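Raw contents of model_10.txt, compact mmCIF, C-alpha atoms and all ligand atoms:
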```txt
# COMPACT_ATOMS: atom_id res chain seq x y z
CA MET A 7 94.81 89.20 191.66
CA GLU A 8 91.97 89.14 189.17
CA PHE A 9 90.46 92.40 190.63
CA ASP A 10 93.74 94.37 190.14
CA TYR A 11 94.03 93.13 186.61
CA LEU A 12 90.59 94.55 185.68
CA TRP A 13 91.52 98.03 187.00
CA LEU A 14 94.61 97.97 184.83
CA LEU A 15 92.41 97.41 181.81
CA LEU A 16 90.32 100.53 182.61
CA LEU A 17 93.33 102.83 183.01
CA PRO A 18 93.48 103.96 179.33
CA VAL A 19 89.81 104.96 179.56
CA PHE A 20 90.54 107.30 182.49
CA PHE A 21 93.45 108.80 180.58
CA GLY A 22 91.15 109.42 177.63
CA LEU A 23 88.56 111.16 179.77
CA GLY A 24 91.23 113.37 181.31
CA TRP A 25 92.51 114.33 177.85
CA LEU A 26 88.98 115.31 176.77
CA ALA A 27 88.33 117.31 179.93
CA ALA A 28 91.51 119.30 179.35
CA ARG A 29 90.31 120.34 175.91
CA ILE A 30 86.64 121.02 176.49
CA ASP A 31 85.80 123.72 178.93
CA ILE A 32 82.19 122.98 179.76
CA ARG A 33 81.65 126.44 181.22
CA GLN A 34 82.95 128.05 178.02
CA LEU A 35 80.53 125.94 175.95
CA LEU A 36 77.61 127.04 178.07
CA ARG A 37 78.68 130.70 177.81
CA ASP A 38 78.93 130.43 174.01
CA SER A 39 75.53 128.90 173.60
CA ARG A 40 74.02 131.66 175.76
CA ALA A 41 75.82 134.26 173.60
CA VAL A 42 73.87 133.14 170.50
CA PRO A 43 70.72 135.22 170.75
CA LYS A 44 67.35 133.55 170.96
CA ALA A 45 66.15 135.54 167.95
CA TYR A 46 68.80 133.81 165.81
CA PHE A 47 67.29 130.41 166.52
CA GLU A 48 63.84 131.83 165.93
CA GLY A 49 65.01 133.13 162.58
CA LEU A 50 66.44 129.74 161.64
CA ASN A 51 63.24 128.08 162.73
CA PHE A 52 61.15 130.38 160.53
CA LEU A 53 63.49 129.69 157.60
CA LEU A 54 63.18 125.94 158.09
CA ASN A 55 59.41 126.32 158.22
CA GLU A 56 59.50 128.34 155.01
CA GLN A 57 58.28 131.56 156.59
CA PRO A 58 60.80 133.96 155.02
CA ASP A 59 59.05 137.17 156.17
CA ARG A 60 59.21 136.25 159.85
CA ALA A 61 62.73 134.80 159.42
CA LEU A 62 63.86 138.10 157.94
CA GLY A 63 62.42 140.09 160.85
CA ALA A 64 64.19 137.91 163.41
CA LEU A 65 67.54 137.91 161.56
CA VAL A 66 67.47 141.69 161.00
CA SER A 67 67.08 142.15 164.73
CA VAL A 68 70.03 139.81 165.49
CA ALA A 69 72.22 141.44 162.84
CA HIS A 70 71.40 144.88 164.26
CA HIS A 71 72.56 143.90 167.74
CA HIS A 72 75.57 141.86 166.50
CA PRO A 73 77.10 143.84 163.63
CA ASP A 74 80.35 141.83 163.94
CA ALA A 75 78.69 138.51 163.06
CA VAL A 76 79.77 138.71 159.42
CA GLU A 77 78.41 135.31 158.33
CA LEU A 78 75.03 136.36 159.62
CA GLN A 79 75.26 139.58 157.58
CA PHE A 80 75.99 137.54 154.44
CA ALA A 81 73.06 135.23 155.13
CA LEU A 82 70.83 138.25 155.52
CA GLY A 83 72.18 139.84 152.33
CA SER A 84 71.47 136.74 150.32
CA LEU A 85 67.97 136.57 151.80
CA PHE A 86 67.36 140.21 150.76
CA ARG A 87 68.54 139.40 147.23
CA LYS A 88 66.35 136.32 146.96
CA ARG A 89 63.34 138.41 147.96
CA GLY A 90 64.20 141.05 145.37
CA GLU A 91 65.08 143.68 148.02
CA LEU A 92 68.19 144.60 146.09
CA ASP A 93 68.70 148.06 147.63
CA ARG A 94 68.98 146.52 151.07
CA ALA A 95 71.27 143.71 149.85
CA ILE A 96 73.57 146.22 148.13
CA LYS A 97 73.74 148.54 151.17
CA LEU A 98 74.48 145.63 153.47
CA HIS A 99 77.29 144.23 151.30
CA GLN A 100 78.75 147.71 150.78
CA SER A 101 78.81 148.22 154.55
CA ILE A 102 80.76 144.95 154.97
CA LEU A 103 83.31 146.19 152.43
CA GLN A 104 83.78 149.41 154.40
CA ARG A 105 84.80 147.63 157.60
CA PRO A 106 88.27 148.65 158.76
CA ASP A 107 89.34 145.13 159.84
CA LEU A 108 88.36 143.39 156.59
CA SER A 109 90.13 140.06 155.96
CA PRO A 110 90.91 139.12 152.31
CA ASP A 111 88.43 136.21 152.43
CA VAL A 112 85.56 138.35 153.69
CA ARG A 113 86.40 141.05 151.14
CA SER A 114 86.20 138.47 148.31
CA GLN A 115 82.93 137.12 149.63
CA ALA A 116 81.45 140.63 149.88
CA LEU A 117 82.59 141.60 146.36
CA GLN A 118 81.11 138.40 144.92
CA ALA A 119 77.82 139.03 146.75
CA LEU A 120 77.75 142.68 145.64
CA GLY A 121 78.38 141.60 142.04
CA GLU A 122 75.42 139.24 142.25
CA ASP A 123 73.22 142.03 143.69
CA TYR A 124 74.13 144.43 140.87
CA GLN A 125 73.72 141.74 138.23
CA ARG A 126 70.28 140.88 139.53
CA ALA A 127 69.40 144.60 139.52
CA GLY A 128 70.51 144.83 135.87
CA LEU A 129 73.38 147.21 136.76
CA LEU A 130 75.85 145.27 134.65
CA ASP A 131 78.64 147.89 134.66
CA ARG A 132 78.76 147.92 138.44
CA ALA A 133 78.52 144.13 138.62
CA GLU A 134 81.46 143.93 136.22
CA ASP A 135 83.47 146.32 138.47
CA SER A 136 82.82 144.16 141.53
CA TYR A 137 83.74 140.90 139.80
CA ARG A 138 86.82 142.42 138.16
CA GLN A 139 88.24 143.28 141.59
CA LEU A 140 88.25 139.54 142.30
CA LEU A 141 90.30 138.53 139.29
CA ASP A 142 93.73 138.97 140.89
CA ASN A 143 92.68 136.14 143.17
CA GLY A 144 93.59 132.86 141.43
CA GLN A 145 90.47 131.09 142.73
CA ALA A 146 87.99 133.51 141.16
CA THR A 147 86.21 130.93 138.96
CA GLU A 148 82.79 132.04 140.15
CA ALA A 149 83.56 135.68 139.30
CA ARG A 150 84.91 134.65 135.87
CA MET A 151 81.75 132.66 135.14
CA ALA A 152 79.64 135.66 136.16
CA LEU A 153 81.73 137.97 133.93
CA LEU A 154 81.37 135.54 131.01
CA ASN A 155 77.63 135.77 131.51
CA ILE A 156 77.66 139.58 131.67
CA TYR A 157 79.78 139.92 128.50
CA GLN A 158 77.27 137.75 126.64
CA GLN A 159 74.39 139.93 127.83
CA GLU A 160 76.31 143.02 126.74
CA ARG A 161 77.25 141.34 123.44
CA GLU A 162 80.93 142.03 124.21
CA TRP A 163 82.05 138.95 122.30
CA GLN A 164 85.82 139.53 122.34
CA LYS A 165 85.75 140.04 126.11
CA ALA A 166 83.63 136.88 126.43
CA ILE A 167 86.21 134.91 124.40
CA ASP A 168 89.05 136.19 126.61
CA MET A 169 87.16 135.37 129.79
CA ALA A 170 86.23 131.85 128.61
CA SER A 171 89.92 131.18 127.93
CA GLN A 172 90.71 131.92 131.59
CA LEU A 173 88.25 129.39 132.94
CA PRO A 174 89.40 125.97 134.12
CA ASP A 175 89.43 123.38 131.31
CA ALA A 176 88.96 126.26 128.84
CA ALA A 177 89.98 124.12 125.85
CA HIS A 178 86.97 121.83 126.11
CA ALA A 179 84.31 123.12 128.48
CA HIS A 180 83.28 126.21 126.50
CA GLN A 181 84.29 125.38 122.93
CA HIS A 182 80.70 125.47 121.60
CA GLU A 183 80.06 128.87 123.13
CA VAL A 184 83.41 130.36 122.09
CA ALA A 185 82.83 129.26 118.48
CA GLN A 186 79.46 131.03 118.63
CA PHE A 187 81.11 134.19 120.01
CA TYR A 188 83.46 134.17 117.00
CA CYS A 189 80.44 133.72 114.71
CA GLU A 190 78.77 136.74 116.34
CA LEU A 191 81.92 138.80 115.68
CA ALA A 192 82.03 137.54 112.09
CA GLN A 193 78.38 138.37 111.52
CA ARG A 194 78.89 141.86 112.90
CA ALA A 195 81.84 142.37 110.55
CA MET A 196 79.81 141.04 107.61
CA SER A 197 76.98 143.50 108.36
CA ALA A 198 79.58 146.27 108.15
CA SER A 199 80.94 144.80 104.86
CA GLN A 200 84.30 144.10 106.53
CA TRP A 201 84.92 140.85 104.66
CA GLU A 202 88.63 140.66 105.51
CA VAL A 203 87.79 140.85 109.23
CA ALA A 204 84.95 138.31 109.11
CA GLY A 205 86.94 135.50 107.43
CA PRO A 206 89.55 135.03 110.19
CA TYR A 207 86.82 135.06 112.86
CA LEU A 208 85.09 132.17 111.10
CA GLN A 209 88.40 130.32 110.85
CA SER A 210 88.90 130.81 114.59
CA ALA A 211 85.38 129.50 115.27
CA LEU A 212 86.17 126.30 113.37
CA GLU A 213 89.57 125.94 115.05
CA VAL A 214 87.87 126.04 118.44
CA HIS A 215 85.00 123.79 117.40
CA ARG A 216 85.38 122.09 114.03
CA LYS A 217 81.72 121.00 113.97
CA CYS A 218 80.39 124.56 114.28
CA VAL A 219 77.72 124.52 111.54
CA ARG A 220 77.02 128.22 111.92
CA ALA A 221 80.62 129.11 111.04
CA THR A 222 80.49 126.98 107.88
CA LEU A 223 77.12 128.46 106.94
CA LEU A 224 78.54 131.97 107.36
CA GLN A 225 81.65 131.03 105.35
CA GLY A 226 79.28 130.26 102.48
CA ASP A 227 77.40 133.55 102.95
CA LEU A 228 80.70 135.45 103.07
CA ALA A 229 81.96 133.81 99.87
CA LEU A 230 78.71 134.68 98.09
CA MET A 231 78.88 138.29 99.30
CA GLN A 232 82.39 138.45 97.83
CA GLY A 233 81.11 137.20 94.48
CA GLN A 234 82.42 133.62 94.79
CA PRO A 235 79.34 131.39 94.32
CA ASP A 236 81.38 128.24 93.75
CA ALA A 237 83.24 128.66 97.05
CA ALA A 238 79.91 129.42 98.73
CA ARG A 239 78.36 126.20 97.44
CA GLN A 240 81.39 124.16 98.55
CA ALA A 241 81.23 125.68 102.03
CA TRP A 242 77.51 125.03 102.43
CA LEU A 243 77.84 121.43 101.31
CA ARG A 244 80.54 120.85 103.96
CA ILE A 245 77.70 121.02 106.51
CA GLU A 246 76.94 117.42 105.52
CA GLN A 247 80.14 116.36 107.33
CA GLN A 248 79.31 118.47 110.38
CA ASN A 249 75.65 117.76 110.99
CA PRO A 250 73.32 116.81 108.09
CA ASP A 251 70.24 117.90 110.09
CA TYR A 252 71.19 121.48 109.18
CA LEU A 253 71.41 120.89 105.42
CA HIS A 254 67.88 122.18 104.86
CA MET A 255 69.08 125.65 105.94
CA VAL A 256 71.35 125.89 102.88
CA ALA A 257 69.48 123.70 100.38
CA GLU A 258 67.62 126.59 98.75
CA LYS A 259 70.78 128.71 98.46
CA VAL A 260 72.73 125.83 96.89
CA LEU A 261 69.93 125.28 94.37
CA ARG A 262 69.85 128.97 93.49
CA ILE A 263 73.54 128.88 92.58
CA TYR A 264 72.89 125.92 90.26
CA GLN A 265 69.93 127.81 88.77
CA ASP A 266 72.06 130.92 88.18
CA GLU A 267 74.57 128.74 86.35
CA GLY A 268 71.78 127.24 84.22
CA ARG A 269 72.35 123.80 85.81
CA GLN A 270 69.08 123.46 87.68
CA ASP A 271 68.65 119.73 86.96
CA GLU A 272 72.09 119.01 88.39
CA GLY A 273 71.12 120.94 91.52
CA LEU A 274 67.87 119.01 91.86
CA THR A 275 69.70 115.68 91.47
CA LEU A 276 72.18 116.70 94.18
CA LEU A 277 69.37 117.71 96.51
CA ARG A 278 67.46 114.49 95.85
CA GLY A 279 70.62 112.55 96.73
CA LEU A 280 70.99 114.46 100.00
CA TYR A 281 67.33 113.88 100.83
CA GLN A 282 67.68 110.14 100.17
CA ARG A 283 70.65 109.96 102.53
CA TYR A 284 69.13 112.19 105.24
CA PRO A 285 65.36 112.09 104.78
CA SER A 286 63.42 114.75 106.68
CA LEU A 287 60.46 116.94 105.88
CA ASP A 288 62.67 119.99 106.47
CA LEU A 289 65.06 118.94 103.70
CA LEU A 290 62.21 117.87 101.43
CA GLU A 291 60.56 121.32 101.54
CA PRO A 292 63.13 123.27 99.47
CA LEU A 293 63.39 120.33 97.04
CA ASN A 294 59.62 120.27 96.64
CA LEU A 295 59.39 123.98 96.13
CA ALA A 296 61.99 123.78 93.36
CA LEU A 297 60.21 120.81 91.74
CA GLN A 298 56.89 122.67 91.83
CA GLN A 299 58.46 125.80 90.36
CA ALA A 300 59.96 123.65 87.61
CA GLY A 301 56.46 122.28 86.90
CA LYS A 302 57.38 118.77 88.12
CA LEU A 303 54.24 118.44 90.22
CA GLN A 304 53.98 114.66 89.92
CA ASP A 305 57.56 114.21 91.21
CA SER A 306 56.81 116.56 94.10
CA TYR A 307 53.60 114.69 94.93
CA GLU A 308 55.30 111.27 94.92
CA LEU A 309 58.16 112.44 97.12
CA LEU A 310 55.73 113.91 99.66
CA ARG A 311 53.54 110.82 99.61
CA ASP A 312 56.56 108.60 100.34
CA GLU A 313 57.76 110.98 103.06
CA VAL A 314 54.37 110.86 104.81
CA ARG A 315 54.49 107.05 104.63
CA ARG A 316 58.04 107.04 106.00
CA GLN A 317 57.34 109.52 108.79
CA PRO A 318 53.62 110.18 109.23
CA SER A 319 53.16 113.75 110.48
CA LEU A 320 50.54 116.48 110.34
CA LEU A 321 52.99 118.87 108.72
CA GLY A 322 53.80 116.27 106.04
CA LEU A 323 50.11 115.62 105.41
CA ASP A 324 49.52 119.36 105.09
CA ARG A 325 52.23 119.65 102.41
CA LEU A 326 50.90 116.54 100.64
CA LEU A 327 47.37 117.99 100.48
CA GLN A 328 48.81 121.25 99.21
CA VAL A 329 50.47 119.57 96.22
CA GLN A 330 47.45 117.30 95.70
CA LEU A 331 45.38 120.44 95.26
CA LEU A 332 47.69 121.45 92.42
CA VAL A 333 47.37 118.13 90.57
CA ALA A 334 43.71 117.30 91.37
CA PRO A 335 41.02 117.60 88.70
CA PRO A 336 38.95 120.82 89.13
CA GLU A 337 35.80 119.04 90.42
CA ARG A 338 37.69 117.59 93.43
CA ARG A 339 39.46 120.78 94.45
CA ALA A 340 36.70 122.31 96.63
CA ASP A 341 36.53 119.23 98.90
CA LEU A 342 40.29 118.89 99.04
CA GLU A 343 40.66 122.55 99.90
CA GLN A 344 38.31 122.17 102.86
CA VAL A 345 40.28 119.22 104.21
CA ARG A 346 43.56 120.97 103.62
CA ASN A 347 42.45 124.12 105.48
CA LEU A 348 41.45 122.03 108.47
CA VAL A 349 44.73 120.11 108.54
CA HIS A 350 46.73 123.29 107.93
CA GLN A 351 45.31 125.00 111.03
CA HIS A 352 46.55 122.16 113.23
CA ALA A 353 49.78 121.46 111.36
CA ASP A 354 50.84 125.09 111.53
CA LYS A 355 51.22 124.85 115.29
CA HIS A 356 53.98 122.29 114.79
CA ASN A 357 55.83 124.26 112.15
CA MET A 358 58.30 125.46 114.76
CA HIS A 359 61.74 124.92 116.21
CA SER A 360 61.88 124.38 119.94
CA CYS A 361 64.58 124.85 122.56
CA ARG A 362 65.74 121.59 124.13
CA HIS A 363 66.71 123.49 127.25
CA CYS A 364 63.69 125.66 128.09
CA GLY A 365 61.05 124.59 125.57
CA PHE A 366 60.78 128.08 123.98
CA ARG A 367 59.24 127.68 120.50
CA ALA A 368 59.70 129.88 117.46
CA ARG A 369 59.23 129.75 113.71
CA GLN A 370 62.64 131.25 113.22
CA TYR A 371 65.77 129.26 114.06
CA PHE A 372 67.85 130.87 116.82
CA TRP A 373 71.49 130.03 117.55
CA HIS A 374 71.08 131.79 120.90
CA CYS A 375 67.79 131.00 122.65
CA PRO A 376 65.84 134.19 123.49
CA GLY A 377 64.12 132.26 126.30
CA CYS A 378 67.07 130.88 128.27
CA ALA A 379 70.18 132.29 126.52
CA GLU A 380 71.57 128.81 125.78
CA TRP A 381 73.62 128.37 122.60
CA GLU A 382 72.66 125.87 119.89
CA SER A 383 69.82 124.54 122.02
CA TYR A 384 67.28 124.66 119.18
CA SER A 385 66.48 121.49 117.32
CA ALA A 386 67.66 121.84 113.73
CA LEU A 387 64.53 120.05 112.53
CA ARG A 388 61.07 121.36 113.30
CA GLY A 389 58.77 119.49 115.66
CA GLN A 390 56.50 117.15 113.77
CA ALA A 391 53.30 115.96 115.37
CA SER A 392 53.06 112.33 114.41
CA LEU A 393 49.87 110.94 112.99
CA PRO A 394 48.39 108.00 114.87
ZN ZN B 401 65.87 128.02 125.65
```
Give the structure from this file in structure tokens form.
Amino acid sequence: MEFDYLWLLLLPVFFGLGWLAARIDIRQLLRDSRAVPKAYFEGLNFLLNEQPDRALGALVSVAHHHPDAVELQFALGSLFRKRGELDRAIKLHQSILQRPDLSPDVRSQALQALGEDYQRAGLLDRAEDSYRQLLDNGQATEARMALLNIYQQEREWQKAIDMASQLPDAAHAHQHEVAQFYCELAQRAMSASQWEVAGPYLQSALEVHRKCVRATLLQGDLALMQGQPDAARQAWLRIEQQNPDYLHMVAEKVLRIYQDEGRQDEGLTLLRGLYQRYPSLDLLEPLNLALQQAGKLQDSYELLRDEVRRQPSLLGLDRLLQVQLLVAPPERRADLEQVRNLVHQHADKHNMHSCRHCGFRARQYFWHCPGCAEWESYSALRGQASLP
């Protein structure tokens, strides 16, 4: 009785094996594995061993003998592109597009790949054509991102704004960039003296991103160009609410308006107040310059001395020695000058803004990094080498 009972327990296992056998045709499996050419595995092996030249040779031979293996063609195309053989990549992807039995998925994949080839080759018009053909497909996020990139390279800001609005999570993901695109449009209009066009662009920039310092800065410039210094000053001072690190960029302009109105002391008091709230060498520089021009050398010296104590830096020391030279008695000046020249040579290397993204350094402040094309990636304050 016990023996029969055990066999009953094994019955489901036999059923399972039968079910598997019905679905897997071992002979078919063997045939399929023989159908994959040996050269394909060789190619893969070379790729895995990081021997791209030999991998390419093997894969080209497989692709030649199996033109229908479309995934293999795409792999080959992307390998060509990575190696900079853009002519070959373009020809290959074009040939896929010319196939008579093209499925919609393969067509999309080929257009995307062709767009990337053209973009890499710097043929932006053709890349745009390829990507645009993908836009009727609702899932074309990759193509939209690529187009956004191309429009920025071509400085087609309105097209870039439209494209960014079609991306998923458009309201938040690209607000910094879109505000910058509006600023670019505003700046272009301002260069052409089209004040009435520039104003609404700056409004749009702030609606998209209310902390866009550049838009507020340009609002001030625009007001001044239109002969409204008071409005300009108010705009520039609004930067305090957005990001006080940028105040040094407008400090000199604000002071000049006070000077033009004959209220220089009021301007200096305002600037001193800002510096006390947001101390930085960058903000101290325009204040110092104004104090020195007004003959208040002792004030300038004391402010710099306190700044160097607060934040010891080579750049600060350089500025301190500079003003010390102005107040020092004549017999000490030669020695001081020697020290100052030495410090200045080293400090000057740190008198730069640097990109947080790629590390590109420049004396000028860029809203759009020339090194990596990121927006607002520059530190507002210049790098300051600390003293030990
Ligand atoms: Zn950069």
All residues within 12 Å of ligand ZN 401 (chain B) are required, counting only C-alpha atoms and all ligand atoms; please report them as a PyMOL selection string. chain A and resi 359-368+371-385
By how many Å are atom CA of His356 of chain A and atom CA of Leu320 of chain A apart? 8.1 Å
As an exercise, work out the distance from atom CA of Gln186 of chain A to atom CA of Arg369 of chain A in Å and give it to one decimal place. 20.9 Å
Separation of atom CA of Ser136 of chain A from atom CA of Trp163 of chain A, in Å and rounded to one decimal: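 Taking atom CA of Ser136 of chain A and atom CA of Trp163 of chain A, their separation equals 19.9 Å.
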Exercise: segment 214-220 of chain A partners within 9 Å, all atoms listed in the file, chain neighbours under 2 positions left out, as a list in words: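 Returned residues: Ala177, His178, Gln181, His182, Val184, Ala185, Gln186, Cys189, Gln209, Ser210, Ala211, Leu212, Thr222, Leu223, Leu224, Gln225, Arg244, Ile245, Gln247, Gln248, Asn249, Tyr252 and Trp373 of chain A.
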Box time for segment 292-301 of chain A: axis-aligned, enclosing all its listed atoms, 6 Å extra on each side; report centre and edge lengths in Å to one decimal, as AutoDock Vina command-line options.
```
--center_x 59.9 --center_y 123.0 --center_z 93.2 --size_x 18.9 --size_y 17.5 --size_z 24.6
```
Hey, which of A:Gly268, A:Gly83, A:Gly322, A:Gly63 ends up closest to Asn294 of chain A? Count all atoms listed in the file.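 Counting all atoms listed in the file, the residue closest to Asn294 of chain A is A:Gly322.
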Do you know which residues lie at most 8 Å from (79.4, 142.6, 133.1), with coordinates as in the file and only C-alpha atoms counted, and could you write them as a ChimeraX atom specification? /A:125,130-135,152-157,159-160
Segment 255-266 of chain A surroundings by only C-alpha atoms, 6 Å radius, close-in-sequence under 3 positions cut, as a PDB file with C-alpha atoms, in the frame of the given file:
```pdb
ATOM      1  CA  ARG A 239      78.360 126.200  97.440  1.00  0.00           C
ATOM      2  CA  TYR A 252      71.190 121.480 109.180  1.00  0.00           C
ATOM      3  CA  ARG A 269      72.350 123.800  85.810  1.00  0.00           C
ATOM      4  CA  GLN A 270      69.080 123.460  87.680  1.00  0.00           C
ATOM      5  CA  GLY A 273      71.120 120.940  91.520  1.00  0.00           C
ATOM      6  CA  PRO A 292      63.130 123.270  99.470  1.00  0.00           C
TER       7      PRO A 292
END
```
Which residue out of A:Gln370, A:Ser114, A:Gln158, A:Gln240 has the minimum interatomic distance to Arg138 of chain A when all atoms listed in the file are used?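 For Arg138 of chain A, the nearest of the given residues is A:Ser114.
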So which one's closest to Ala300 of chain A, A:Asp111, A:Asp288, A:Asp271, A:Glu183? Using all atoms listed in the file, please. A:Asp271
Among the residues A:Met231, A:Ala221, A:Ala166, A:Leu280, the one that comes closest to Ala198 of chain A [using only C-alpha atoms]: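 Closest candidate: A:Met231.
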Nearest to Ile96 of chain A, chosen from A:Glu202, A:Asp324, A:Glu162, A:Glu122, with all atoms listed in the file counted in the distances: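 Once distances to Ile96 of chain A are computed over all atoms listed in the file, the minimum belongs to A:Glu122.
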